[in-house]
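File shown here: start09.pdb, holding PDB, C-alpha atoms.
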```pdb
ATOM      1  CA  MET A   1      36.214  51.941 191.360
ATOM      2  CA  ALA A   2      34.668  48.545 190.634
ATOM      3  CA  ASP A   3      30.995  48.071 190.061
ATOM      4  CA  GLN A   4      28.785  45.931 192.267
ATOM      5  CA  GLN A   5      29.215  42.963 189.957
ATOM      6  CA  GLY A   6      32.726  42.921 191.303
ATOM      7  CA  THR A   7      36.118  42.017 190.089
ATOM      8  CA  THR A   8      35.545  38.280 190.419
ATOM      9  CA  ASN A   9      35.776  37.901 186.652
ATOM     10  CA  LEU A  10      39.457  38.766 187.120
ATOM     11  CA  ILE A  11      39.880  35.899 189.547
ATOM     12  CA  GLU A  12      39.756  33.024 187.115
ATOM     13  CA  TYR A  13      42.692  30.722 187.455
ATOM     14  CA  GLY A  14      44.338  28.776 184.684
ATOM     15  CA  GLY A  15      46.761  26.696 186.740
ATOM     16  CA  GLY A  16      50.107  28.171 185.790
ATOM     17  CA  GLU A  17      50.928  26.159 182.659
ATOM     18  CA  GLY A  18      49.963  22.923 184.425
ATOM     19  CA  LEU A  19      52.608  23.379 187.119
ATOM     20  CA  LEU A  20      50.498  21.690 189.800
ATOM     21  CA  GLU A  21      50.086  18.609 187.641
ATOM     22  CA  ARG A  22      53.682  18.565 186.400
ATOM     23  CA  LEU A  23      55.531  18.995 189.690
ATOM     24  CA  PRO A  24      55.568  16.705 192.720
ATOM     25  CA  LYS A  25      53.916  17.821 195.939
ATOM     26  CA  GLY A  26      56.509  19.429 198.167
ATOM     27  CA  HIS A  27      58.412  21.021 195.278
ATOM     28  CA  LEU A  28      58.896  24.731 196.021
ATOM     29  CA  ILE A  29      57.066  25.829 192.868
ATOM     30  CA  HIS A  30      54.205  23.396 193.539
ATOM     31  CA  THR A  31      53.838  24.890 197.018
ATOM     32  CA  LEU A  32      53.864  28.479 195.739
ATOM     33  CA  VAL A  33      51.273  27.756 193.027
ATOM     34  CA  SER A  34      49.092  25.854 195.534
ATOM     35  CA  GLU A  35      49.212  28.892 197.808
ATOM     36  CA  HIS A  36      48.198  31.105 194.885
ATOM     37  CA  VAL A  37      45.097  28.986 194.339
ATOM     38  CA  GLN A  38      44.094  29.464 197.994
ATOM     39  CA  ILE A  39      44.862  33.191 197.916
ATOM     40  CA  LEU A  40      42.585  33.568 194.887
ATOM     41  CA  VAL A  41      39.779  31.815 196.781
ATOM     42  CA  LEU A  42      40.209  34.340 199.591
ATOM     43  CA  LEU A  43      40.166  37.217 197.093
ATOM     44  CA  ARG A  44      36.780  36.001 195.840
ATOM     45  CA  LYS A  45      35.479  36.143 199.422
ATOM     46  CA  ILE A  46      36.921  39.616 199.967
ATOM     47  CA  ASP A  47      35.287  40.793 196.764
ATOM     48  CA  GLY A  48      31.961  39.346 197.914
ATOM     49  CA  ILE A  49      32.147  41.290 201.187
ATOM     50  CA  ARG A  50      33.129  44.437 199.266
ATOM     51  CA  ILE A  51      30.007  44.074 197.120
ATOM     52  CA  LYS A  52      27.862  43.471 200.205
ATOM     53  CA  LEU A  53      29.227  46.607 201.916
ATOM     54  CA  LEU A  54      28.416  48.684 198.822
ATOM     55  CA  THR A  55      24.761  47.639 199.014
ATOM     56  CA  LEU A  56      24.349  48.713 202.645
ATOM     57  CA  GLU A  57      22.912  52.119 203.497
ATOM     58  CA  VAL A  58      24.200  51.929 207.058
ATOM     59  CA  LEU A  59      26.461  49.464 208.822
ATOM     60  CA  GLU A  60      23.648  48.442 211.180
ATOM     61  CA  GLU A  61      22.071  46.527 208.270
ATOM     62  CA  ASP A  62      24.928  44.003 208.569
ATOM     63  CA  ARG A  63      27.349  44.749 211.396
ATOM     64  CA  ASP A  64      29.256  41.497 210.771
ATOM     65  CA  ALA A  65      30.302  42.457 207.240
ATOM     66  CA  LEU A  66      33.099  44.788 208.329
ATOM     67  CA  ASP A  67      34.337  42.293 210.919
ATOM     68  CA  ILE A  68      34.367  39.501 208.325
ATOM     69  CA  LEU A  69      36.353  41.761 205.970
ATOM     70  CA  ARG A  70      38.830  42.474 208.789
ATOM     71  CA  GLN A  71      39.261  38.715 209.360
ATOM     72  CA  PHE A  72      39.850  38.152 205.638
ATOM     73  CA  ALA A  73      42.341  41.054 205.513
ATOM     74  CA  GLU A  74      44.151  39.633 208.534
ATOM     75  CA  ARG A  75      44.371  36.254 206.835
ATOM     76  CA  LEU A  76      45.688  37.883 203.658
ATOM     77  CA  LEU A  77      48.427  39.600 205.674
ATOM     78  CA  LYS A  78      49.611  36.140 206.692
ATOM     79  CA  THR A  79      50.859  35.585 203.134
ATOM     80  CA  GLU A  80      54.025  37.510 203.997
ATOM     81  CA  ASN A  81      56.170  34.401 204.354
ATOM     82  CA  HIS A  82      55.036  33.372 200.845
ATOM     83  CA  HIS A  83      56.659  36.581 199.552
ATOM     84  CA  LEU A  84      59.722  36.047 201.733
ATOM     85  CA  ARG A  85      60.249  32.508 200.415
ATOM     86  CA  GLU A  86      60.083  33.888 196.891
ATOM     87  CA  GLU A  87      62.391  36.824 197.589
ATOM     88  CA  TRP A  88      64.972  35.206 199.867
ATOM     89  CA  VAL A  89      65.079  31.744 198.300
ATOM     90  CA  LEU A  90      63.701  31.530 194.750
ATOM     91  CA  PHE A  91      64.826  34.965 193.530
ATOM     92  CA  ALA A  92      68.225  34.614 195.207
ATOM     93  CA  GLU A  93      68.777  31.321 193.398
ATOM     94  CA  MET A  94      67.685  32.790 190.054
ATOM     95  CA  GLU A  95      69.932  35.819 190.553
ATOM     96  CA  LYS A  96      72.918  33.522 191.205
ATOM     97  CA  ARG A  97      72.275  32.230 187.691
ATOM     98  CA  GLY A  98      72.121  35.702 186.142
ATOM     99  CA  ILE A  99      68.321  36.141 186.029
ATOM    100  CA  ALA A 100      67.580  39.345 187.977
ATOM    101  CA  GLY A 101      65.120  41.428 185.939
ATOM    102  CA  PRO A 102      61.910  39.534 186.697
ATOM    103  CA  SER A 103      62.658  39.279 190.409
ATOM    104  CA  GLU A 104      63.275  43.042 190.651
ATOM    105  CA  VAL A 105      59.833  43.708 189.140
ATOM    106  CA  ILE A 106      58.148  41.173 191.425
ATOM    107  CA  ARG A 107      59.826  42.643 194.537
ATOM    108  CA  LYS A 108      58.383  46.058 193.667
ATOM    109  CA  GLU A 109      54.953  44.480 193.222
ATOM    110  CA  HIS A 110      55.308  42.790 196.618
ATOM    111  CA  GLU A 111      55.849  46.229 198.177
ATOM    112  CA  LEU A 112      52.674  47.612 196.590
ATOM    113  CA  LEU A 113      50.706  44.520 197.658
ATOM    114  CA  ARG A 114      51.998  44.821 201.241
ATOM    115  CA  HIS A 115      50.811  48.427 201.303
ATOM    116  CA  LEU A 116      47.347  47.577 199.944
ATOM    117  CA  LYS A 117      46.875  44.640 202.337
ATOM    118  CA  LYS A 118      47.821  46.806 205.321
ATOM    119  CA  ARG A 119      45.523  49.577 204.105
ATOM    120  CA  LEU A 120      42.596  47.167 203.811
ATOM    121  CA  MET A 121      43.328  45.856 207.297
ATOM    122  CA  GLY A 122      43.395  49.394 208.676
ATOM    123  CA  LEU A 123      40.174  50.429 206.971
ATOM    124  CA  SER A 124      38.323  47.338 208.151
ATOM    125  CA  SER A 125      39.739  47.554 211.698
ATOM    126  CA  THR A 126      39.676  51.184 212.743
ATOM    127  CA  GLY A 127      38.209  53.078 209.816
ATOM    128  CA  LEU A 128      34.805  53.757 211.377
ATOM    129  CA  LYS A 129      36.427  55.379 214.402
ATOM    130  CA  LYS A 130      37.840  58.075 212.123
ATOM    131  CA  LYS A 131      35.460  58.349 209.152
ATOM    132  CA  SER A 132      31.829  57.950 208.154
ATOM    133  CA  PHE A 133      30.464  54.621 206.918
ATOM    134  CA  GLY A 134      30.022  56.027 203.391
ATOM    135  CA  THR A 135      33.619  57.233 203.270
ATOM    136  CA  ILE A 136      34.938  53.936 204.616
ATOM    137  CA  THR A 137      32.957  51.822 202.132
ATOM    138  CA  SER A 138      34.189  54.015 199.288
ATOM    139  CA  GLU A 139      37.805  53.644 200.433
ATOM    140  CA  ILE A 140      37.360  49.892 200.972
ATOM    141  CA  ASP A 141      35.905  49.619 197.466
ATOM    142  CA  GLU A 142      38.850  51.468 195.908
ATOM    143  CA  THR A 143      41.487  49.616 197.972
ATOM    144  CA  THR A 144      39.924  46.200 197.404
ATOM    145  CA  ASP A 145      39.617  46.799 193.673
ATOM    146  CA  ARG A 146      43.288  47.828 193.435
ATOM    147  CA  LEU A 147      44.401  44.946 195.649
ATOM    148  CA  ILE A 148      42.491  42.298 193.715
ATOM    149  CA  SER A 149      43.426  43.520 190.246
ATOM    150  CA  ASN A 150      47.109  43.921 191.180
ATOM    151  CA  LEU A 151      47.325  40.633 193.052
ATOM    152  CA  VAL A 152      45.597  38.640 190.307
ATOM    153  CA  ALA A 153      47.934  40.112 187.659
ATOM    154  CA  HIS A 154      50.894  39.464 189.973
ATOM    155  CA  ILE A 155      49.947  35.813 190.506
ATOM    156  CA  HIS A 156      49.443  35.337 186.781
ATOM    157  CA  LYS A 157      52.899  36.806 186.066
ATOM    158  CA  GLU A 158      54.543  34.530 188.635
ATOM    159  CA  ASP A 159      52.730  31.374 187.541
ATOM    160  CA  TYR A 160      53.138  31.891 183.797
ATOM    161  CA  VAL A 161      56.470  33.741 183.535
ATOM    162  CA  LEU A 162      58.606  33.706 186.675
ATOM    163  CA  TYR A 163      58.103  30.122 187.854
ATOM    164  CA  PRO A 164      58.555  28.534 184.396
ATOM    165  CA  ALA A 165      61.743  30.605 183.998
ATOM    166  CA  ALA A 166      62.969  29.378 187.397
ATOM    167  CA  LEU A 167      62.341  25.778 186.379
ATOM    168  CA  GLN A 168      64.436  26.305 183.259
ATOM    169  CA  VAL A 169      67.442  27.949 184.924
ATOM    170  CA  ILE A 170      67.496  25.903 188.146
ATOM    171  CA  ASP A 171      67.801  22.447 186.685
ATOM    172  CA  ASP A 172      69.472  20.362 189.375
ATOM    173  CA  PRO A 173      67.468  18.509 192.064
ATOM    174  CA  ALA A 174      70.061  19.270 194.767
ATOM    175  CA  SER A 175      69.410  23.014 194.419
ATOM    176  CA  TRP A 176      65.650  22.502 194.736
ATOM    177  CA  ALA A 177      66.158  20.320 197.839
ATOM    178  CA  SER A 178      68.376  22.976 199.411
ATOM    179  CA  MET A 179      65.854  25.687 198.527
ATOM    180  CA  ARG A 180      63.082  23.697 200.194
ATOM    181  CA  GLU A 181      65.147  23.469 203.397
ATOM    182  CA  ARG A 182      65.691  27.248 203.341
ATOM    183  CA  CYS A 183      61.940  27.716 202.861
ATOM    184  CA  ASP A 184      61.339  25.506 205.900
ATOM    185  CA  GLN A 185      63.449  27.933 207.943
ATOM    186  CA  ILE A 186      61.320  30.888 206.795
ATOM    187  CA  GLY A 187      58.114  29.003 207.487
ATOM    188  CA  TYR A 188      54.728  28.588 205.907
ATOM    189  CA  GLY A 189      51.282  29.988 206.426
ATOM    190  CA  PRO A 190      47.571  29.264 206.387
ATOM    191  CA  PHE A 191      47.575  28.834 202.594
ATOM    192  CA  SER A 192      50.431  26.320 202.464
ATOM    193  CA  PRO A 193      49.702  22.680 201.641
ATOM    194  CA  GLU A 194      50.746  20.043 204.181
ATOM    195  CA  SER A 195      53.346  18.792 201.700
ATOM    196  CA  ALA A 196      55.227  22.133 201.762
ATOM    197  CA  SER A 197      57.661  21.359 204.580
ATOM    198  CA  SER A 198      60.418  18.813 204.181
ATOM    199  CA  LYS A 199      60.223  18.083 207.935
TER     200      LYS A 199
END
```

Starting from the file, lay out its structure as structure tokens.
Amino acid sequence: MADQQGTTNLIEYGGGEGLLERLPKGHLIHTLVSEHVQILVLLRKIDGIRIKLLTLEVLEEDRDALDILRQFAERLLKTENHHLREEWVLFAEMEKRGIAGPSEVIRKEHELLRHLKKRLMGLSSTGLKKKSFGTITSEIDETTDRLISNLVAHIHKEDYVLYPAALQVIDDPASWASMRERCDQIGYGPFSPESASSK
């Protein structure tokens, strides 16, 4: 369980080996890293609400806090197509070139993150109908702490290990252009930059 100072110290971002500066807007990796930056901003907000909930004696002191957390959790669930673009496009292309180990690990992490995001959504949406405020805040604290620490480590691994490896093994522009078109078919989300789509 995290303390009330929060896990925000875990949410410092180093920029993925300068990938945002090195790659043109619209490049698949540039889009994914840009989305990571926005996801980390949302995690800071979620952590702030978690801390606020821990300071409340009763929900009536700030009835909006749980609703705001639900809205943030809902927004975080909308990152699913980010994972799908990685799994169905980037990982598939890396695996064609014989690089499968990292993508297998990341897929397993995606499953854990999906579970934690759904759990946070459930706790913030319907938790009080089933449990006391104290129990819900404790479960939100534990779930949020696990979600943030796992997601921050996951993003760091992708930005500093997986994406640089992809840039090394996928070295032809035609493959990246084709991958971008396949990503367009999957779609983007609220964290995607305007430059993401090739359309």

Self-check item: Distance in Å - CA of Gly26 in chain A versus CA of Lys96 in chain A
Solution: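 Separating CA of Gly26 in chain A from CA of Lys96 in chain A is a distance of 22.7 Å.
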
Practice problem: Might you spell out which residues the PyMOL selection byres ((chain A and resi 185) around 12) would select in the displayed file, as a PyMOL selection string? | Solution: chain A and resi 81+84-85+88-89+178-184+186-188+196-199

Quiz item: Of the candidates A:Val169, A:Leu116, A:Val37, A:Leu162, which one gets nearest to Glu104 in chain A if we count only C-alpha atoms?
Solution: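 Result for the nearest residue to Glu104 in chain A: A:Leu162.
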
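Here CA of Ile68 in chain A stands at a distance of 23.8 Å from CA of Ser34 in chain A.
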
Report the centre and edge lengths, in Å to one decimal, of an axis-aligned box enclosing every atom of range 116-122 of chain A listed in the file, padded by 8 Å on each side, as JSON.
```
{"center_x": 45.2, "center_y": 47.1, "center_z": 204.3, "size_x": 21.2, "size_y": 20.9, "size_z": 24.7}
```

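Distances from A:Arg97, A:Arg44, A:Lys52, A:Lys25 to Leu167 in chain A were compared using all atoms listed in the file, and the smallest one belongs to A:Arg97.
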
Quiz item: If you apply the PyMOL selection byres ((chain A and resi 123) around 9) to this file, what residues do you get, as a PyMOL selection string?
Solution: chain A and resi 70+118-122+124-128+136-137+139-140

Place a sphere of radius 10 Å on (52.9, 44.0, 197.1) in the file coordinates and name every protein, DNA or RNA residue with an atom inside or on its surface, counting only C-alpha atoms; give the answer as a compact mmCIF listing (two decimals) with C-alpha atoms, in the coordinates of the input.
```
# COMPACT_ATOMS: atom_id res chain seq x y z
CA GLU A 80 54.02 37.51 204.00
CA HIS A 83 56.66 36.58 199.55
CA ILE A 106 58.15 41.17 191.42
CA ARG A 107 59.83 42.64 194.54
CA LYS A 108 58.38 46.06 193.67
CA GLU A 109 54.95 44.48 193.22
CA HIS A 110 55.31 42.79 196.62
CA GLU A 111 55.85 46.23 198.18
CA LEU A 112 52.67 47.61 196.59
CA LEU A 113 50.71 44.52 197.66
CA ARG A 114 52.00 44.82 201.24
CA HIS A 115 50.81 48.43 201.30
CA LEU A 116 47.35 47.58 199.94
CA LYS A 117 46.88 44.64 202.34
CA LEU A 147 44.40 44.95 195.65
CA ASN A 150 47.11 43.92 191.18
CA LEU A 151 47.32 40.63 193.05
CA HIS A 154 50.89 39.46 189.97
```

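The gap separating CA of Ala174 in chain A from CA of Ile155 in chain A is 26.4 Å, in Å to one decimal.
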
Quiz prompt | Selection: 12 Å around range 156-160 of chain A, all atoms listed in the file, excl. self and same-chain fewer than 4 positions, as a ChimeraX atom specification | solution = /A:10-20,29-37,40,83,86,90-91,102-103,105-107,109-110,149-152,164-167

Quiz item: Evaluating the PyMOL selection byres ((chain A and resi 69) around 8) on the displayed file yields which residues, as an MDAnalysis selection string?
Solution: chainID A and resid 46 49:50 65:68 70:73 124
